[in-house]
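The file query25.txt comes next; it holds compact mmCIF, C-alpha atoms.
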```txt
# COMPACT_ATOMS: atom_id res chain seq x y z
CA MET A 1 83.22 92.43 122.32
CA GLY A 2 79.86 94.09 121.76
CA HIS A 3 78.47 95.16 118.39
CA GLN A 4 80.78 94.74 115.40
CA TYR A 5 79.40 96.92 112.61
CA PHE A 6 77.25 99.61 114.09
CA ILE A 7 75.62 102.93 113.52
CA GLU A 8 75.50 104.19 117.06
CA ASP A 9 73.97 107.65 117.52
CA ALA A 10 71.12 107.40 114.97
CA ILE A 11 72.31 110.53 113.19
CA GLU A 12 74.43 108.57 110.72
CA THR A 13 72.73 108.32 107.31
CA LYS A 14 73.55 107.41 103.72
CA ASN A 15 76.33 105.00 104.76
CA ILE A 16 76.97 101.93 102.62
CA ILE A 17 77.66 98.74 104.55
CA TYR A 18 78.40 96.39 101.69
CA HIS A 19 79.79 92.84 101.36
CA ASN A 20 81.12 92.45 104.89
CA LEU A 21 81.51 89.39 107.07
CA GLY A 22 80.71 89.62 110.76
CA VAL A 23 81.68 86.61 112.86
CA LEU A 24 81.21 85.94 116.59
CA THR A 25 80.07 88.64 118.96
CA PHE A 26 80.42 88.45 122.70
CA ALA A 27 78.45 90.30 125.35
CA SER A 28 80.17 93.12 127.19
CA ASN A 29 79.18 94.75 130.45
CA ALA A 30 81.74 97.54 130.00
CA LEU A 31 80.46 99.25 126.83
CA LEU A 32 76.94 100.36 125.80
CA ASN A 33 73.92 98.77 127.51
CA THR A 34 72.98 97.17 124.18
CA ASP A 35 76.39 95.49 124.06
CA GLN A 36 75.07 93.12 126.71
CA SER A 37 73.01 91.56 123.88
CA PRO A 38 75.12 92.44 120.83
CA ALA A 39 74.47 92.27 117.12
CA LEU A 40 76.98 91.75 114.36
CA PHE A 41 75.26 94.60 112.46
CA TRP A 42 73.48 97.15 114.69
CA ILE A 43 71.59 99.86 112.81
CA THR A 44 69.90 102.73 114.69
CA ASN A 45 68.83 104.74 111.65
CA PRO A 46 67.30 102.93 108.64
CA ASP A 47 68.50 105.61 106.18
CA ASN A 48 71.56 103.51 105.26
CA VAL A 49 72.42 100.79 102.75
CA VAL A 50 73.03 97.34 104.26
CA LYS A 51 73.65 94.98 101.36
CA GLY A 52 75.40 91.69 100.66
CA ASN A 53 76.62 91.11 104.23
CA HIS A 54 77.01 87.86 106.18
CA ALA A 55 76.37 87.61 109.92
CA ALA A 56 77.56 84.35 111.47
CA GLY A 57 77.73 83.23 115.06
CA ALA A 58 76.45 86.26 116.98
CA THR A 59 75.65 85.56 120.62
CA ASN A 60 72.33 87.34 120.04
CA TYR A 61 71.50 88.99 116.70
CA GLY A 62 72.84 88.93 113.17
CA PHE A 63 71.16 92.18 112.02
CA TRP A 64 69.41 94.39 114.56
CA TYR A 65 67.43 97.41 113.36
CA ARG A 66 66.70 99.43 116.47
CA ALA A 67 65.48 102.75 115.18
CA GLU A 68 65.80 105.32 117.91
CA THR A 69 63.17 107.94 118.71
CA ARG A 70 65.78 110.70 118.52
CA VAL A 71 69.52 111.05 118.05
CA THR A 72 71.48 109.67 121.03
CA GLY A 73 74.98 109.63 122.47
CA VAL A 74 77.63 112.23 121.73
CA SER A 75 75.64 113.61 118.79
CA ALA A 76 72.70 114.40 121.07
CA ALA A 77 74.99 115.88 123.72
CA GLN A 78 76.37 118.24 121.08
CA GLY A 79 72.84 119.31 120.10
CA MET A 80 72.91 117.63 116.70
CA GLY A 81 70.00 115.89 115.03
CA ASN A 82 67.03 117.73 116.52
CA ASN A 83 65.16 117.20 113.22
CA VAL A 84 66.07 113.49 112.94
CA CYS A 85 63.40 110.90 113.81
CA PRO A 86 64.82 107.45 112.97
CA LYS A 87 61.69 105.50 114.04
CA GLU A 88 59.85 107.30 111.25
CA THR A 89 62.62 107.45 108.64
CA PRO A 90 62.19 105.44 105.42
CA LEU A 91 64.50 102.48 104.86
CA LEU A 92 67.19 103.26 102.31
CA GLU A 93 68.13 99.64 101.46
CA PHE A 94 68.43 96.21 103.07
CA ALA A 95 69.13 93.48 100.51
CA ASP A 96 71.01 90.24 99.85
CA ASN A 97 72.08 89.60 103.45
CA VAL A 98 72.63 86.28 105.23
CA ALA A 99 72.37 85.50 108.95
CA HIS A 100 73.08 82.10 110.41
CA SER A 101 74.05 80.42 113.65
CA CYS A 102 73.06 83.42 115.78
CA GLY A 103 72.10 82.90 119.42
CA ARG A 104 68.67 84.50 119.03
CA TYR A 105 67.55 86.11 115.73
CA GLY A 106 68.98 86.46 112.25
CA LEU A 107 67.13 89.77 111.70
CA ARG A 108 65.46 91.74 114.44
CA ILE A 109 63.44 94.91 113.81
CA TYR A 110 62.77 96.20 117.32
CA ASP A 111 61.03 97.86 119.08
CA GLU A 112 59.05 100.30 116.94
CA TYR A 113 59.35 101.31 113.31
CA TRP A 114 56.79 103.40 111.39
CA PRO A 115 58.40 104.84 108.23
CA ARG A 116 56.68 107.99 106.98
CA LEU A 117 57.02 110.23 104.00
CA HIS A 118 58.04 113.09 106.31
CA PRO A 119 59.69 111.83 109.51
CA CYS A 120 59.11 113.89 112.67
CA GLN A 121 55.67 114.99 111.44
CA PRO A 122 52.42 113.34 112.54
CA ILE A 123 50.84 110.68 110.37
CA SER A 124 48.18 112.20 108.11
CA ALA A 125 46.75 111.98 104.61
CA SER A 126 49.60 114.18 103.39
CA ASN A 127 52.18 112.27 105.48
CA PRO A 128 51.39 108.59 104.97
CA TYR A 129 53.40 105.55 105.94
CA VAL A 130 55.86 104.48 103.25
CA GLU A 131 56.89 100.90 102.59
CA ALA A 132 60.15 99.67 104.09
CA LYS A 133 61.13 96.76 101.85
CA TYR A 134 63.66 94.30 103.27
CA THR A 135 64.74 92.16 100.32
CA ASN A 136 66.33 88.79 99.63
CA MET A 137 67.59 87.58 103.00
CA PHE A 138 68.63 84.07 103.94
CA ALA A 139 68.22 83.32 107.67
CA TYR A 140 69.03 79.83 108.86
CA PHE A 141 70.17 77.85 111.88
CA ASN A 142 69.53 80.69 114.32
CA LYS A 143 68.83 79.45 117.83
CA LYS A 144 65.46 81.18 118.22
CA ASN A 145 63.96 82.71 115.04
CA GLY A 146 65.08 83.64 111.58
CA VAL A 147 63.27 87.00 111.86
CA GLN A 148 61.68 88.81 114.83
CA LEU A 149 59.44 91.80 114.17
CA SER A 150 57.94 94.06 116.81
CA ARG A 151 55.58 97.06 116.50
CA LEU A 152 55.74 98.08 112.86
CA ALA A 153 53.87 99.77 110.05
CA SER A 154 54.33 99.19 106.33
CA VAL A 155 57.27 96.78 106.56
CA ARG A 156 57.60 94.23 103.76
CA LEU A 157 59.81 91.15 103.71
CA ASP A 158 60.40 90.26 100.08
CA HIS A 159 62.12 87.08 98.82
CA PHE A 160 63.21 85.83 102.24
CA LYS A 161 64.52 82.29 102.62
CA ILE A 162 64.20 81.01 106.18
CA ALA A 163 65.12 77.50 107.29
CA ASP A 164 66.11 75.37 110.27
CA ASN A 165 65.75 77.95 113.03
CA GLY A 166 65.26 76.79 116.61
CA ALA A 167 61.73 78.06 117.32
CA THR A 168 60.09 79.69 114.29
CA GLY A 169 60.91 81.26 110.97
CA ILE A 170 59.25 84.64 111.57
CA GLU A 171 57.93 85.84 114.92
CA CYS A 172 55.72 88.88 115.43
CA PRO A 173 55.16 89.15 119.19
CA GLY A 174 52.26 91.36 120.16
CA ALA A 175 50.78 91.34 116.64
CA GLN A 176 47.04 91.87 116.69
```
In structure tokens, how does this file's structure come out?
Amino acid sequence: MGHQYFIEDAIETKNIIYHNLGVLTFASNALLNTDQSPALFWITNPDNVVKGNHAAGATNYGFWYRAETRVTGVSAAQGMGNNVCPKETPLLEFADNVAHSCGRYGLRIYDEYWPRLHPCQPISASNPYVEAKYTNMFAYFNKKNGVQLSRLASVRLDHFKIADNGATGIECPGAQ
């Protein structure tokens, strides 16, 4: 029940999540609040490698990037990660992943993500946005959308194949 592969506290970095199969998630009211709408792969800090994985049959999301503002959970309670700003951290790698038959989205990048050269520092000429390149994903037969993007800066979807999703291929709610 709940998330299957997950980076929970947003302090975890440089992990390699490689060539895994996630199948069937179920909502849980007894775990984290986010486990009520679980993902097969839940990533709270983009400074990790997520490559060559398959997400199939999630009740909600195949891959959910939910970059936190600050470190959370036990790590925060122990005073760790005061200099960690996941919403502004560059993406290490997302490539060659597949998401299908998910109840909502194959890939969700929610709710805010603005990768910068120097996370935790204000955007400026010397601290520009840096490109977060999500590469070579296949998203199909998801009940709502293949990909759902929220408030972002400098995110690039490269070589995506999206087909036969319930509503749309790529949704960007609130885009101006």
Would you mind listing what lies within 8 Å of region 130-140 of chain A as an MDAnalysis selection string, with all atoms listed in the file counted and same-chain residues fewer than 2 positions away left out? chainID A and resid 90:91 93:101 106:107 115:117 128 142 146:147 154:165
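Taking CA of His19 (chain A) and CA of Tyr65 (chain A) as the two end points, the separation is 17.8 Å.
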When you count all atoms listed in the file, which of these residues is closest to Asn83 (chain A): A:Ile109, A:Val71, A:Ala58, A:Val49? A:Val71
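You can rank A:Phe41, A:Tyr61, A:Pro86, A:Ser150 by their closest distance to Glu12 (chain A) using all atoms listed in the file, and at the top of that list sits A:Pro86.
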Between A:Tyr129, A:Phe6, A:Phe141, A:Tyr113, which residue has the minimum interatomic distance to Asn48 (chain A), considering only C-alpha atoms? A:Phe6
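Take the candidates A:Phe26, A:Trp64, A:Tyr18, A:Trp114 and check each one against Thr44 (chain A) using only C-alpha atoms; the shortest distance goes to A:Trp64.
Each of A:Asn15, A:Ile123, A:Ala76, A:Ala27 was compared to Lys51 (chain A) using only C-alpha atoms, and A:Asn15 turns out to be the nearest.
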All residues 6 Å or closer to Gly57 (chain A), all atoms listed in the file, same chain fewer than 5 positions away omitted, as a list of chain:residue names: A:Val23, A:Leu24, A:Ser101, A:Cys102
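If you measure from each of A:Tyr105, A:Trp42, A:Phe63, A:Tyr110 to Ile7 (chain A) using all atoms listed in the file, the closest one turns out to be A:Trp42.
Pairwise distance (CA of Pro38 (chain A), CA of Thr25 (chain A)) equals 6.5 Å.
The coordinates place CA of Glu8 (chain A) at 17.0 Å from CA of Glu88 (chain A).
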Near Val84 (chain A), within 8 Å and counting only C-alpha atoms, which residues show up once chain neighbours fewer than 4 positions away are dropped, as a list in words? Ile11, Arg70, Val71, Pro119 and Cys120 of chain A
Can you pull out every residue within 6 Å of Leu40 (chain A), counting all atoms listed in the file, but drop anything in the same chain fewer than 2 positions away, and send it as an MDAnalysis selection string? chainID A and resid 3:5 22 62
Might you pull out every residue within 8 Å of Leu149 (chain A), with all atoms listed in the file counted and same-chain residues fewer than 6 positions away left off, and present them as a PDB file with C-alpha atoms, in the frame of the given file?
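Written out: around_1.pdb:
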```
ATOM      1  CA  ARG A 108      65.460  91.740 114.440  1.00  0.00           C
ATOM      2  CA  ILE A 109      63.440  94.910 113.810  1.00  0.00           C
ATOM      3  CA  TYR A 110      62.770  96.200 117.320  1.00  0.00           C
ATOM      4  CA  ASP A 111      61.030  97.860 119.080  1.00  0.00           C
ATOM      5  CA  ILE A 170      59.250  84.640 111.570  1.00  0.00           C
ATOM      6  CA  GLU A 171      57.930  85.840 114.920  1.00  0.00           C
ATOM      7  CA  CYS A 172      55.720  88.880 115.430  1.00  0.00           C
ATOM      8  CA  PRO A 173      55.160  89.150 119.190  1.00  0.00           C
TER       9      PRO A 173
END
```
Hey, could you patch up region 106-139 of chain A with N, CA and C atoms and hand it over as a short mmCIF file (atom, residue, chain, number, x, y, z; two decimals), in the frame of the given file?
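For reference, out-v8.cif as written:
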```
data_model
loop_
_atom_site.label_atom_id
_atom_site.label_comp_id
_atom_site.auth_asym_id
_atom_site.auth_seq_id
_atom_site.Cartn_x
_atom_site.Cartn_y
_atom_site.Cartn_z
N GLY A 106 68.19 86.06 113.41
CA GLY A 106 68.98 86.46 112.25
C GLY A 106 68.77 87.94 111.94
N LEU A 107 67.50 88.36 111.91
CA LEU A 107 67.13 89.77 111.70
C LEU A 107 66.12 90.14 112.77
N ARG A 108 66.39 91.23 113.44
CA ARG A 108 65.46 91.74 114.44
C ARG A 108 65.16 93.20 114.11
N ILE A 109 63.88 93.52 113.98
CA ILE A 109 63.44 94.91 113.81
C ILE A 109 62.66 95.24 115.07
N TYR A 110 63.27 96.02 115.97
CA TYR A 110 62.77 96.20 117.32
C TYR A 110 63.03 97.62 117.77
N ASP A 111 62.29 98.28 118.53
CA ASP A 111 61.03 97.86 119.08
C ASP A 111 59.86 98.50 118.35
N GLU A 112 60.10 99.64 117.71
CA GLU A 112 59.05 100.30 116.94
C GLU A 112 59.65 100.85 115.66
N TYR A 113 58.89 100.74 114.58
CA TYR A 113 59.35 101.31 113.31
C TYR A 113 58.14 101.62 112.45
N TRP A 114 57.94 102.92 112.15
CA TRP A 114 56.79 103.40 111.39
C TRP A 114 57.27 104.38 110.31
N PRO A 115 57.86 103.91 109.23
CA PRO A 115 58.40 104.84 108.23
C PRO A 115 57.33 105.71 107.59
N ARG A 116 57.62 107.01 107.53
CA ARG A 116 56.68 107.99 106.98
C ARG A 116 57.34 108.79 105.88
N LEU A 117 56.53 109.37 105.07
CA LEU A 117 57.02 110.23 104.00
C LEU A 117 57.84 111.38 104.59
N HIS A 118 57.34 111.98 105.65
CA HIS A 118 58.04 113.09 106.31
C HIS A 118 58.26 112.72 107.78
N PRO A 119 59.43 112.18 108.10
CA PRO A 119 59.69 111.83 109.51
C PRO A 119 59.56 113.06 110.40
N CYS A 120 59.26 112.85 111.64
CA CYS A 120 59.11 113.89 112.67
C CYS A 120 57.78 114.64 112.57
N GLN A 121 56.98 114.37 111.55
CA GLN A 121 55.67 114.99 111.44
C GLN A 121 54.61 113.93 111.69
N PRO A 122 53.47 114.31 112.25
CA PRO A 122 52.42 113.34 112.54
C PRO A 122 51.91 112.63 111.28
N ILE A 123 51.44 111.44 111.47
CA ILE A 123 50.84 110.68 110.37
C ILE A 123 49.57 111.40 109.94
N SER A 124 49.36 111.52 108.64
CA SER A 124 48.18 112.20 108.11
C SER A 124 48.01 111.79 106.65
N ALA A 125 46.97 112.28 106.02
CA ALA A 125 46.75 111.98 104.61
C ALA A 125 47.89 112.52 103.76
N SER A 126 48.49 113.62 104.15
CA SER A 126 49.60 114.18 103.39
C SER A 126 50.97 113.67 103.88
N ASN A 127 50.95 112.88 104.95
CA ASN A 127 52.18 112.27 105.48
C ASN A 127 51.94 110.80 105.79
N PRO A 128 51.74 109.99 104.75
CA PRO A 128 51.39 108.59 104.97
C PRO A 128 52.62 107.74 105.32
N TYR A 129 52.33 106.54 105.79
CA TYR A 129 53.40 105.55 105.94
C TYR A 129 53.95 105.23 104.56
N VAL A 130 55.24 104.93 104.49
CA VAL A 130 55.86 104.48 103.25
C VAL A 130 56.42 103.08 103.49
N GLU A 131 56.45 102.29 102.46
CA GLU A 131 56.89 100.90 102.59
C GLU A 131 58.40 100.82 102.85
N ALA A 132 58.76 100.01 103.82
CA ALA A 132 60.15 99.67 104.09
C ALA A 132 60.33 98.23 103.61
N LYS A 133 61.02 98.07 102.51
CA LYS A 133 61.13 96.76 101.85
C LYS A 133 62.49 96.14 102.14
N TYR A 134 62.47 95.10 102.97
CA TYR A 134 63.66 94.30 103.27
C TYR A 134 63.66 93.16 102.25
N THR A 135 64.75 93.02 101.49
CA THR A 135 64.74 92.16 100.32
C THR A 135 65.82 91.08 100.37
N ASN A 136 65.42 89.88 99.95
CA ASN A 136 66.33 88.79 99.63
C ASN A 136 67.29 88.44 100.76
N MET A 137 66.76 88.02 101.88
CA MET A 137 67.59 87.58 103.00
C MET A 137 67.51 86.07 103.15
N PHE A 138 68.58 85.49 103.61
CA PHE A 138 68.63 84.07 103.94
C PHE A 138 68.96 83.97 105.42
N ALA A 139 68.04 83.46 106.22
CA ALA A 139 68.22 83.32 107.67
C ALA A 139 68.05 81.85 108.04
#
```
